[in-house]
>>> print(open('final_37.cif').read())   # mmCIF, C-alpha atoms and all ligand atoms
data_input
#
loop_
_atom_site.label_atom_id
_atom_site.label_comp_id
_atom_site.auth_asym_id
_atom_site.auth_seq_id
_atom_site.Cartn_x
_atom_site.Cartn_y
_atom_site.Cartn_z
CA MET A 1 -3.76 -13.43 9.13
CA GLY A 2 -2.95 -14.45 5.63
CA PHE A 3 -3.36 -13.40 2.03
CA GLU A 4 -6.94 -13.14 0.89
CA LEU A 5 -8.19 -12.08 -2.53
CA PRO A 6 -7.16 -8.38 -2.42
CA GLU A 7 -3.59 -9.22 -1.35
CA ILE A 8 -3.34 -12.11 -3.82
CA LEU A 9 -4.41 -9.85 -6.73
CA LYS A 10 -1.83 -7.23 -5.82
CA ILE A 11 1.09 -9.64 -5.33
CA SER A 12 0.18 -11.62 -8.43
CA LYS A 13 0.20 -8.42 -10.51
CA GLN A 14 3.60 -7.45 -9.12
CA MET A 15 4.92 -10.93 -9.90
CA GLN A 16 3.55 -10.64 -13.46
CA GLU A 17 5.38 -7.33 -13.92
CA LYS A 18 8.70 -8.58 -12.57
CA LEU A 19 8.91 -12.30 -13.26
CA VAL A 20 7.19 -13.26 -16.52
CA GLY A 21 9.85 -14.14 -19.12
CA LYS A 22 12.54 -14.81 -16.52
CA LYS A 23 14.21 -18.12 -15.72
CA ILE A 24 14.84 -19.41 -12.21
CA THR A 25 18.50 -20.40 -12.09
CA ASN A 26 18.64 -21.53 -8.47
CA ILE A 27 16.31 -22.27 -5.57
CA ILE A 28 17.86 -21.84 -2.13
CA LEU A 29 16.06 -23.86 0.55
CA THR A 30 16.77 -23.15 4.21
CA ASP A 31 16.17 -25.42 7.20
CA ARG A 32 13.18 -23.22 8.02
CA LEU A 33 11.32 -24.81 5.12
CA ASN A 34 11.51 -28.29 6.68
CA SER A 35 8.30 -28.07 8.68
CA MET A 36 6.36 -27.06 5.54
CA ILE A 37 7.90 -30.00 3.67
CA LYS A 38 6.96 -32.37 6.51
CA GLN A 39 3.38 -31.08 6.45
CA GLY A 40 3.17 -31.84 2.74
CA MET A 41 2.84 -28.16 1.84
CA SER A 42 6.06 -27.96 -0.17
CA ASN A 43 7.86 -30.38 -2.47
CA LEU A 44 10.61 -27.95 -3.49
CA ASP A 45 13.21 -30.26 -1.90
CA LYS A 46 12.40 -33.14 -4.23
CA ARG A 47 11.19 -31.42 -7.39
CA LYS A 48 12.88 -28.05 -7.77
CA GLU A 49 14.76 -29.21 -10.88
CA GLU A 50 11.41 -29.36 -12.72
CA ILE A 51 11.17 -25.56 -12.87
CA ILE A 52 14.82 -24.54 -12.99
CA ASN A 53 16.19 -23.07 -16.24
CA THR A 54 12.84 -22.85 -17.98
CA ASN A 55 11.03 -19.58 -18.72
CA ILE A 56 8.06 -18.37 -16.69
CA THR A 57 5.40 -17.89 -19.35
CA ARG A 58 2.40 -16.79 -17.31
CA ILE A 59 1.43 -15.80 -13.77
CA TYR A 60 -2.19 -15.62 -12.66
CA PRO A 61 -4.26 -15.44 -9.45
CA LYS A 62 -7.25 -17.55 -8.46
CA GLY A 63 -8.88 -17.33 -5.02
CA LYS A 64 -6.16 -17.52 -2.39
CA TRP A 65 -3.63 -18.89 -4.90
CA ILE A 66 -1.05 -17.61 -7.36
CA PHE A 67 0.05 -19.88 -10.21
CA LEU A 68 3.35 -19.51 -12.05
CA GLU A 69 3.37 -21.42 -15.34
CA PHE A 70 6.62 -22.50 -16.96
CA HIS A 71 7.51 -23.10 -20.59
CA ASN A 72 7.69 -26.87 -19.96
CA ASP A 73 4.07 -26.82 -18.67
CA ASN A 74 5.03 -27.32 -15.02
CA LEU A 75 3.61 -24.99 -12.40
CA LEU A 76 4.71 -23.45 -9.16
CA MET A 77 1.60 -23.13 -6.99
CA LEU A 78 1.61 -20.64 -4.13
CA GLY A 79 -1.45 -20.75 -1.90
CA GLU A 80 -3.06 -20.30 1.53
CA ILE A 81 -0.18 -17.98 2.32
CA ILE A 82 0.59 -16.69 5.78
CA GLY A 83 3.89 -14.92 5.31
CA LYS A 84 5.63 -12.52 3.01
CA PHE A 85 7.09 -12.57 -0.50
CA SER A 86 9.81 -10.03 -1.27
CA TYR A 87 11.49 -9.05 -4.52
CA PHE A 88 15.11 -7.92 -4.74
CA GLU A 89 16.98 -6.48 -7.71
CA LYS A 90 20.58 -7.51 -8.36
CA THR A 91 21.94 -4.60 -6.36
CA ASN A 92 19.96 -5.35 -3.17
CA SER A 93 21.21 -7.73 -0.52
CA LEU A 94 18.98 -10.57 0.63
CA PRO A 95 17.30 -10.44 4.04
CA SER A 96 18.91 -12.40 6.87
CA LYS A 97 15.86 -14.60 7.36
CA TYR A 98 13.82 -16.43 4.76
CA HIS A 99 12.45 -19.90 4.11
CA VAL A 100 13.21 -20.06 0.41
CA ALA A 101 14.84 -17.83 -2.21
CA PHE A 102 14.30 -18.08 -5.96
CA GLN A 103 17.25 -16.69 -7.93
CA PHE A 104 16.67 -15.52 -11.51
CA SER A 105 19.00 -15.30 -14.48
CA ASP A 106 19.28 -11.51 -14.14
CA GLU A 107 20.42 -12.04 -10.51
CA SER A 108 17.18 -10.72 -9.05
CA TYR A 109 15.55 -12.74 -6.26
CA LEU A 110 12.15 -13.59 -4.89
CA THR A 111 12.18 -14.70 -1.26
CA PHE A 112 9.45 -16.17 0.91
CA GLN A 113 9.38 -15.76 4.67
CA SER A 114 6.65 -17.81 6.34
CA SER A 115 4.75 -16.55 9.39
CA LEU A 116 2.92 -19.84 9.77
CA TYR A 117 2.62 -21.78 6.53
CA ALA A 118 1.89 -21.71 2.83
CA PHE A 119 1.68 -24.13 -0.04
CA LEU A 120 4.80 -23.82 -2.23
CA THR A 121 4.24 -26.75 -4.52
CA ILE A 122 5.54 -27.80 -7.92
CA ALA A 123 2.99 -29.63 -10.04
CA THR A 124 2.25 -30.76 -13.56
CA ARG A 125 -1.00 -29.51 -15.10
CA GLU A 126 -2.65 -32.83 -14.28
CA GLU A 127 -1.44 -32.71 -10.68
CA LYS A 128 -2.84 -29.20 -10.36
CA ARG A 129 -6.20 -30.38 -11.66
CA MET A 130 -6.25 -33.21 -9.10
CA HIS A 131 -4.95 -31.11 -6.17
CA ARG A 132 -7.31 -31.12 -3.21
CA TYR A 133 -7.33 -27.32 -2.93
CA ALA A 134 -5.60 -25.81 -5.96
CA GLY A 135 -7.63 -27.95 -8.34
CA ASN A 136 -10.97 -26.94 -6.96
CA ILE A 137 -11.32 -23.17 -6.63
CA GLY A 138 -14.72 -21.52 -7.03
CA PRO A 139 -15.62 -18.06 -8.36
CA SER A 140 -14.21 -15.03 -6.51
CA PRO A 141 -16.29 -11.94 -5.62
CA ASN A 142 -14.45 -9.88 -8.28
CA GLU A 143 -15.44 -12.28 -11.08
CA PRO A 144 -18.61 -12.15 -13.22
CA ASP A 145 -19.50 -15.74 -12.22
CA PHE A 146 -20.01 -14.56 -8.65
CA SER A 147 -23.53 -13.28 -9.31
CA GLN A 148 -26.20 -12.74 -6.70
CA ASP A 149 -28.09 -15.77 -8.05
CA TYR A 150 -24.95 -17.89 -7.78
CA PHE A 151 -24.35 -16.74 -4.20
CA LEU A 152 -27.94 -17.46 -3.13
CA LYS A 153 -27.79 -20.90 -4.75
CA VAL A 154 -24.59 -21.77 -2.86
CA MET A 155 -26.15 -20.59 0.39
CA SER A 156 -29.33 -22.61 -0.15
CA GLN A 157 -27.25 -25.73 -0.78
CA ASN A 158 -25.37 -25.27 2.49
CA GLU A 159 -28.20 -24.36 4.84
CA LYS A 160 -26.87 -26.28 7.83
CA LYS A 161 -23.57 -24.43 7.90
CA PRO A 162 -22.82 -21.38 10.05
CA ILE A 163 -22.40 -18.37 7.78
CA LYS A 164 -18.73 -17.94 8.72
CA ALA A 165 -17.95 -21.47 7.51
CA ALA A 166 -20.02 -21.03 4.34
CA LEU A 167 -18.16 -17.88 3.31
CA ASN A 168 -14.89 -19.81 3.65
CA MET A 169 -15.75 -22.70 1.28
CA GLN A 170 -12.97 -22.04 -1.24
CA ASP A 171 -14.37 -24.54 -3.74
CA LEU A 172 -17.58 -22.48 -4.00
CA ILE A 173 -16.61 -18.91 -3.05
CA SER A 174 -12.90 -18.30 -3.32
CA GLY A 175 -10.64 -15.65 -1.86
CA LEU A 176 -12.36 -14.81 1.42
CA GLY A 177 -10.71 -15.59 4.74
CA ASN A 178 -11.07 -14.63 8.34
CA VAL A 179 -10.12 -10.96 8.02
CA TYR A 180 -12.61 -9.98 5.34
CA ILE A 181 -15.30 -12.34 6.65
CA ASN A 182 -15.18 -10.52 10.02
CA ASP A 183 -15.66 -7.18 8.26
CA ILE A 184 -18.37 -8.47 5.89
CA LEU A 185 -20.42 -9.93 8.75
CA TYR A 186 -20.06 -6.76 10.82
CA ASP A 187 -21.09 -4.68 7.81
CA SER A 188 -24.16 -6.85 7.25
CA LYS A 189 -24.97 -7.17 11.01
CA ILE A 190 -24.86 -10.97 11.01
CA HIS A 191 -23.40 -13.11 13.80
CA PRO A 192 -20.63 -15.45 12.50
CA LYS A 193 -22.29 -18.50 14.09
CA SER A 194 -25.75 -17.88 12.59
CA LYS A 195 -26.86 -20.87 10.56
CA ILE A 196 -27.77 -20.10 6.97
CA SER A 197 -31.18 -21.74 7.45
CA SER A 198 -31.95 -19.11 10.13
CA LEU A 199 -31.16 -16.17 7.82
CA THR A 200 -33.83 -14.41 5.78
CA SER A 201 -33.43 -13.79 2.06
CA ASN A 202 -33.03 -10.13 2.99
CA ASP A 203 -30.08 -11.07 5.27
CA LEU A 204 -28.46 -13.05 2.46
CA ASN A 205 -28.88 -10.22 -0.04
CA THR A 206 -27.31 -7.86 2.49
CA ILE A 207 -24.36 -10.22 2.95
CA TYR A 208 -23.88 -10.44 -0.83
CA ILE A 209 -23.82 -6.66 -1.15
CA SER A 210 -21.34 -6.40 1.76
CA ILE A 211 -19.04 -8.97 0.17
CA ILE A 212 -18.94 -7.02 -3.10
CA ARG A 213 -18.51 -3.66 -1.39
CA ILE A 214 -15.82 -4.68 1.12
CA ILE A 215 -13.79 -6.79 -1.30
CA ASN A 216 -13.87 -4.18 -4.07
CA SER A 217 -12.86 -1.50 -1.60
CA ALA A 218 -9.95 -3.62 -0.33
CA ILE A 219 -8.86 -4.40 -3.90
CA GLU A 220 -8.84 -0.70 -4.79
CA LEU A 221 -6.82 0.04 -1.66
CA GLY A 222 -4.21 -2.59 -2.51
CA GLY A 223 -5.12 -5.00 0.28
CA CYS A 224 -4.93 -4.95 4.04
CA SER A 225 -2.75 -2.47 5.94
CA GLU A 226 -1.25 -5.37 7.89
CA GLU A 227 0.02 -7.34 4.88
CA PHE A 228 3.16 -6.59 2.85
CA ASP A 229 3.69 -6.62 -0.90
CA LEU A 230 6.83 -7.56 -2.85
CA TYR A 231 8.39 -4.18 -2.07
CA ASP A 232 7.73 -4.22 1.67
CA LEU A 233 4.78 -1.83 1.38
CA THR A 234 1.45 -2.48 3.05
CA GLY A 235 -2.00 -2.03 1.57
CA LYS A 236 -4.27 0.80 2.67
CA TYR A 237 -7.36 -1.14 3.68
CA ASN A 238 -7.84 -0.78 7.44
CA ARG A 239 -9.71 -3.68 9.00
CA ILE A 240 -13.04 -2.67 10.54
CA MET A 241 -12.81 -5.49 13.06
CA SER A 242 -9.49 -5.94 14.83
CA LYS A 243 -7.93 -5.62 18.23
CA ASN A 244 -7.37 -1.93 17.45
CA ARG A 245 -11.12 -1.24 17.42
CA PRO A 246 -12.34 -2.07 20.93
CA HIS A 247 -15.85 -0.62 20.50
CA CYS A 248 -18.53 -0.83 17.82
CA SER A 249 -18.50 2.33 15.71
CA ARG A 250 -22.29 2.09 15.26
CA CYS A 251 -23.50 1.54 18.84
CA GLY A 252 -20.46 1.80 21.12
CA THR A 253 -20.80 -1.74 22.51
CA LYS A 254 -17.58 -3.54 23.38
CA ILE A 255 -16.50 -5.78 20.50
CA VAL A 256 -16.23 -9.48 21.39
CA LYS A 257 -13.31 -11.62 20.24
CA GLU A 258 -14.15 -15.30 20.16
CA ASN A 259 -12.70 -18.38 18.52
CA VAL A 260 -15.27 -19.52 15.97
CA LEU A 261 -14.47 -22.58 13.82
CA GLY A 262 -10.74 -22.34 14.44
CA SER A 263 -10.05 -18.65 13.97
CA SER A 264 -10.72 -15.40 15.82
CA SER A 265 -14.03 -13.79 15.09
CA TYR A 266 -14.66 -10.21 16.14
CA TYR A 267 -18.27 -9.13 16.40
CA CYS A 268 -20.57 -6.62 18.06
CA PRO A 269 -22.90 -8.59 20.39
CA ASN A 270 -25.51 -5.84 20.04
CA CYS A 271 -25.52 -5.33 16.25
CA GLN A 272 -24.77 -8.96 15.34
CA LYS A 273 -27.22 -11.06 17.36
CA ILE A 274 -27.13 -14.81 16.79
CA GLN A 275 -30.09 -15.96 14.69
ZN ZN B 1 -22.78 -2.42 17.47
#
>>> encode(input="final_37.cif", output="structure tokens")
Amino acid sequence: MGFELPEILKISKQMQEKLVGKKITNIILTDRLNSMIKQGMSNLDKRKEEIINTNITRIYPKGKWIFLEFHNDNLLMLGEIIGKFSYFEKTNSLPSKYHVAFQFSDESYLTFQSSLYAFLTIATREEKRMHRYAGNIGPSPNEPDFSQDYFLKVMSQNEKKPIKAALNMQDLISGLGNVYINDILYDSKIHPKSKISSLTSNDLNTIYISIIRIINSAIELGGCSEEFDLYDLTGKYNRIMSKNRPHCSRCGTKIVKENVLGSSSYYCPNCQKIQ
């Protein structure tokens, strides 16, 4: 599990409220960060000086990413996050375990504790533009650009892909990941392995409506009940498809868990027949 659009929007808003206008005075890296550095997901070891002692001017979300802009035009890019960010005022003590802690001039802290990985990358504007993932993020379901026409066009251009893979193309439809894709496909009664070319236009319209409905609902509820915000609180969106729901709420059939394209898909073999 990781942050998808609803969680990103919530955390980004909390970061805006707490961090814009502040300066980072110190970045504490622990040995835990080493594997992320080795995987090329963080360059904080080499480049942290580029964002120290300069004001954070703007924080904004896009897809599965949060961008912190600094007065000197450098950025801290946080993306594809499986883990937890936490905010601590001066009077709080830091947790015993974290991968990295950002200390601010008012002695507040932001820590990150990874559960698997995340990009924590410092970049110039040009490097952001050229970044393989951060530089190429498509419209999100909460944005006006994500129209029904746009969605149908993207689907028609990717006909050979299974629907699960197509909904995860961050350069074309950003912010969805495994958790919400499972729920969207259950809601629209589509098997995750169904090829787009095998779906009717009615199926695709149904999927579009499910995306909008499920994502908006999760945004309103502050994200998933299994993900934490900066203050250690979870969202209120309960996943439809998870190990806690062994049977289909529509037909009672046992839900199947299966690895599809590298992550666990949950589906009802009766309601979601492969097409
Ligand atoms: Zn069912």
>>> residues_near_point(input="final_37.cif", point="(3.4, -22.0, -11.0)", cutoff="9 Å", atoms="only C-alpha atoms", output="list in words")
Ile51, Ile56, Arg58, Ile59, Tyr60, Ile66, Phe67, Leu68, Glu69, Phe70, Asn74, Leu75, Leu76, Met77, Leu78, Thr121, Ile122 and Ala123 of chain A
>>> closest_residue(input="final_37.cif", among="A:Gly175, A:Pro6, A:Pro246, A:Gly252", to="Thr234 of chain A", atoms="all atoms listed in the file")
A:Pro6
>>> closest_atom_pairs(input="final_37.cif", of="chain A", to="ligand ZN 1 (chain B)", cutoff="6 Å", atoms="only C-alpha atoms and all ligand atoms", output="tab-separated table")
residue	atom	partner	partner_atom	distance
A:Cys248	CA	B:ZN1	ZN	4.6
A:Arg250	CA	B:ZN1	ZN	5.0
A:Cys251	CA	B:ZN1	ZN	4.3
A:Thr253	CA	B:ZN1	ZN	5.5
A:Cys268	CA	B:ZN1	ZN	4.8
A:Asn270	CA	B:ZN1	ZN	5.1
A:Cys271	CA	B:ZN1	ZN	4.2
>>> residues_around(input="final_37.cif", residues="Ile181 of chain A", least_positions_apart="5", cutoff="8 Å", atoms="all atoms listed in the file", output="PDB file with C-alpha atoms, keeping the file's coordinate frame")
ATOM      1  CA  LYS A 164     -18.730 -17.940   8.720  1.00  0.00           C
ATOM      2  CA  LEU A 167     -18.160 -17.880   3.310  1.00  0.00           C
ATOM      3  CA  LEU A 176     -12.360 -14.810   1.420  1.00  0.00           C
TER       4      LEU A 176
END
>>> closest_residue(input="final_37.cif", among="A:Lys84, A:Arg132, A:Lys195, A:Lys48", to="Leu230 of chain A", atoms="only C-alpha atoms")
A:Lys84
>>> residues_around(input="final_37.cif", residues="Ala218 of chain A", least_positions_apart="2", cutoff="12 Å", atoms="all atoms listed in the file", output="PyMOL selection string")
chain A and resi 4-10+141-142+176+179-180+183-184+210-216+220-225+227+234-240
>>> closest_residue(input="final_37.cif", among="A:Lys153, A:Glu127, A:Leu204, A:Lys254", to="Pro269 of chain A", atoms="all atoms listed in the file")
A:Lys254
>>> axis_aligned_box(input="final_37.cif", around="segment 131-146 of chain A", padding_each_side="3 Å", output="lines of an AutoDock Vina configuration file")
center_x = -12.5
center_y = -20.5
center_z = -8.1
size_x = 21.1
size_y = 27.2
size_z = 16.3
>>> atom_distance(input="final_37.cif", atom1="atom CA of Ser114 of chain A", atom2="atom CA of Ile82 of chain A")
6.2 Å
>>> atom_distance(input="final_37.cif", atom1="atom CA of Asn26 of chain A", atom2="atom CA of Thr124 of chain A")
19.5 Å
>>> closest_residue(input="final_37.cif", among="A:Ser86, A:Gln103, A:Asn182, A:Thr206", to="Lys257 of chain A", atoms="only C-alpha atoms")
A:Asn182
>>> residues_around(input="final_37.cif", residues="Ala134 of chain A", least_positions_apart="6", cutoff="9 Å", atoms="all atoms listed in the file", output="list in words")
Lys62, Trp65, Met77, Gly79 and Lys128 of chain A
>>> residues_near_point(input="final_37.cif", point="(6.8, -21.6, 5.9)", cutoff="10 Å", atoms="all atoms listed in the file", output="PyMOL selection string")
chain A and resi 32-37+41-42+81-84+98-100+112-120
>>> decode(input="final_37.cif", residues="segment 30-56 of chain A", atoms="N, CA and C atoms", output="PDB file, in the first residue's frame")
ATOM      1  N   THR A  30      19.497   8.899   8.467  1.00  0.00           N
ATOM      2  CA  THR A  30      19.885   7.725   9.231  1.00  0.00           C
ATOM      3  C   THR A  30      20.356   6.634   8.265  1.00  0.00           C
ATOM      4  N   ASP A  31      20.973   5.596   8.826  1.00  0.00           N
ATOM      5  CA  ASP A  31      21.462   4.494   7.986  1.00  0.00           C
ATOM      6  C   ASP A  31      20.327   3.825   7.219  1.00  0.00           C
ATOM      7  N   ARG A  32      19.102   3.947   7.796  1.00  0.00           N
ATOM      8  CA  ARG A  32      17.947   3.333   7.134  1.00  0.00           C
ATOM      9  C   ARG A  32      17.720   3.866   5.721  1.00  0.00           C
ATOM     10  N   LEU A  33      18.196   5.085   5.484  1.00  0.00           N
ATOM     11  CA  LEU A  33      17.970   5.707   4.172  1.00  0.00           C
ATOM     12  C   LEU A  33      18.868   5.104   3.083  1.00  0.00           C
ATOM     13  N   ASN A  34      19.916   4.362   3.513  1.00  0.00           N
ATOM     14  CA  ASN A  34      20.927   3.927   2.540  1.00  0.00           C
ATOM     15  C   ASN A  34      20.379   3.119   1.378  1.00  0.00           C
ATOM     16  N   SER A  35      19.405   2.248   1.659  1.00  0.00           N
ATOM     17  CA  SER A  35      18.907   1.413   0.562  1.00  0.00           C
ATOM     18  C   SER A  35      18.179   2.274  -0.466  1.00  0.00           C
ATOM     19  N   MET A  36      17.481   3.333  -0.011  1.00  0.00           N
ATOM     20  CA  MET A  36      16.803   4.217  -0.957  1.00  0.00           C
ATOM     21  C   MET A  36      17.818   5.006  -1.788  1.00  0.00           C
ATOM     22  N   ILE A  37      18.926   5.376  -1.153  1.00  0.00           N
ATOM     23  CA  ILE A  37      19.988   6.088  -1.873  1.00  0.00           C
ATOM     24  C   ILE A  37      20.602   5.159  -2.929  1.00  0.00           C
ATOM     25  N   LYS A  38      20.850   3.906  -2.528  1.00  0.00           N
ATOM     26  CA  LYS A  38      21.442   2.935  -3.470  1.00  0.00           C
ATOM     27  C   LYS A  38      20.526   2.662  -4.654  1.00  0.00           C
ATOM     28  N   GLN A  39      19.209   2.695  -4.394  1.00  0.00           N
ATOM     29  CA  GLN A  39      18.257   2.460  -5.499  1.00  0.00           C
ATOM     30  C   GLN A  39      18.055   3.693  -6.376  1.00  0.00           C
ATOM     31  N   GLY A  40      18.733   4.782  -6.027  1.00  0.00           N
ATOM     32  CA  GLY A  40      18.581   5.997  -6.830  1.00  0.00           C
ATOM     33  C   GLY A  40      17.310   6.764  -6.516  1.00  0.00           C
ATOM     34  N   MET A  41      16.669   6.462  -5.384  1.00  0.00           N
ATOM     35  CA  MET A  41      15.399   7.125  -5.063  1.00  0.00           C
ATOM     36  C   MET A  41      15.603   8.363  -4.193  1.00  0.00           C
ATOM     37  N   SER A  42      16.802   8.491  -3.629  1.00  0.00           N
ATOM     38  CA  SER A  42      17.089   9.691  -2.832  1.00  0.00           C
ATOM     39  C   SER A  42      18.512  10.164  -3.096  1.00  0.00           C
ATOM     40  N   ASN A  43      18.661  11.481  -3.179  1.00  0.00           N
ATOM     41  CA  ASN A  43      20.003  12.068  -3.313  1.00  0.00           C
ATOM     42  C   ASN A  43      20.264  13.039  -2.153  1.00  0.00           C
ATOM     43  N   LEU A  44      19.532  12.843  -1.058  1.00  0.00           N
ATOM     44  CA  LEU A  44      19.679  13.761   0.082  1.00  0.00           C
ATOM     45  C   LEU A  44      21.096  13.723   0.648  1.00  0.00           C
ATOM     46  N   ASP A  45      21.776  12.592   0.507  1.00  0.00           N
ATOM     47  CA  ASP A  45      23.146  12.480   1.031  1.00  0.00           C
ATOM     48  C   ASP A  45      24.097  13.446   0.309  1.00  0.00           C
ATOM     49  N   LYS A  46      23.917  13.566  -0.989  1.00  0.00           N
ATOM     50  CA  LYS A  46      24.856  14.387  -1.776  1.00  0.00           C
ATOM     51  C   LYS A  46      24.414  15.838  -1.921  1.00  0.00           C
ATOM     52  N   ARG A  47      23.087  16.075  -1.859  1.00  0.00           N
ATOM     53  CA  ARG A  47      22.622  17.403  -2.301  1.00  0.00           C
ATOM     54  C   ARG A  47      21.812  18.173  -1.267  1.00  0.00           C
ATOM     55  N   LYS A  48      21.817  17.709  -0.019  1.00  0.00           N
ATOM     56  CA  LYS A  48      20.929  18.356   0.955  1.00  0.00           C
ATOM     57  C   LYS A  48      21.224  19.841   1.162  1.00  0.00           C
ATOM     58  N   GLU A  49      22.506  20.236   0.934  1.00  0.00           N
ATOM     59  CA  GLU A  49      22.853  21.654   1.121  1.00  0.00           C
ATOM     60  C   GLU A  49      22.064  22.571   0.175  1.00  0.00           C
ATOM     61  N   GLU A  50      21.578  22.022  -0.918  1.00  0.00           N
ATOM     62  CA  GLU A  50      20.875  22.843  -1.921  1.00  0.00           C
ATOM     63  C   GLU A  50      19.516  23.354  -1.442  1.00  0.00           C
ATOM     64  N   ILE A  51      18.989  22.757  -0.366  1.00  0.00           N
ATOM     65  CA  ILE A  51      17.693  23.253   0.126  1.00  0.00           C
ATOM     66  C   ILE A  51      17.764  23.743   1.569  1.00  0.00           C
ATOM     67  N   ILE A  52      18.943  23.663   2.160  1.00  0.00           N
ATOM     68  CA  ILE A  52      19.073  24.110   3.553  1.00  0.00           C
ATOM     69  C   ILE A  52      19.193  25.634   3.605  1.00  0.00           C
ATOM     70  N   ASN A  53      18.524  26.211   4.618  1.00  0.00           N
ATOM     71  CA  ASN A  53      18.578  27.665   4.874  1.00  0.00           C
ATOM     72  C   ASN A  53      17.998  28.529   3.757  1.00  0.00           C
ATOM     73  N   THR A  54      17.034  27.980   3.039  1.00  0.00           N
ATOM     74  CA  THR A  54      16.312  28.789   2.057  1.00  0.00           C
ATOM     75  C   THR A  54      14.819  28.540   2.268  1.00  0.00           C
ATOM     76  N   ASN A  55      14.008  29.593   2.116  1.00  0.00           N
ATOM     77  CA  ASN A  55      12.584  29.457   2.459  1.00  0.00           C
ATOM     78  C   ASN A  55      11.830  28.529   1.515  1.00  0.00           C
ATOM     79  N   ILE A  56      10.873  27.790   2.081  1.00  0.00           N
ATOM     80  CA  ILE A  56       9.916  27.032   1.265  1.00  0.00           C
ATOM     81  C   ILE A  56       8.856  28.032   0.798  1.00  0.00           C
TER      82      ILE A  56
END
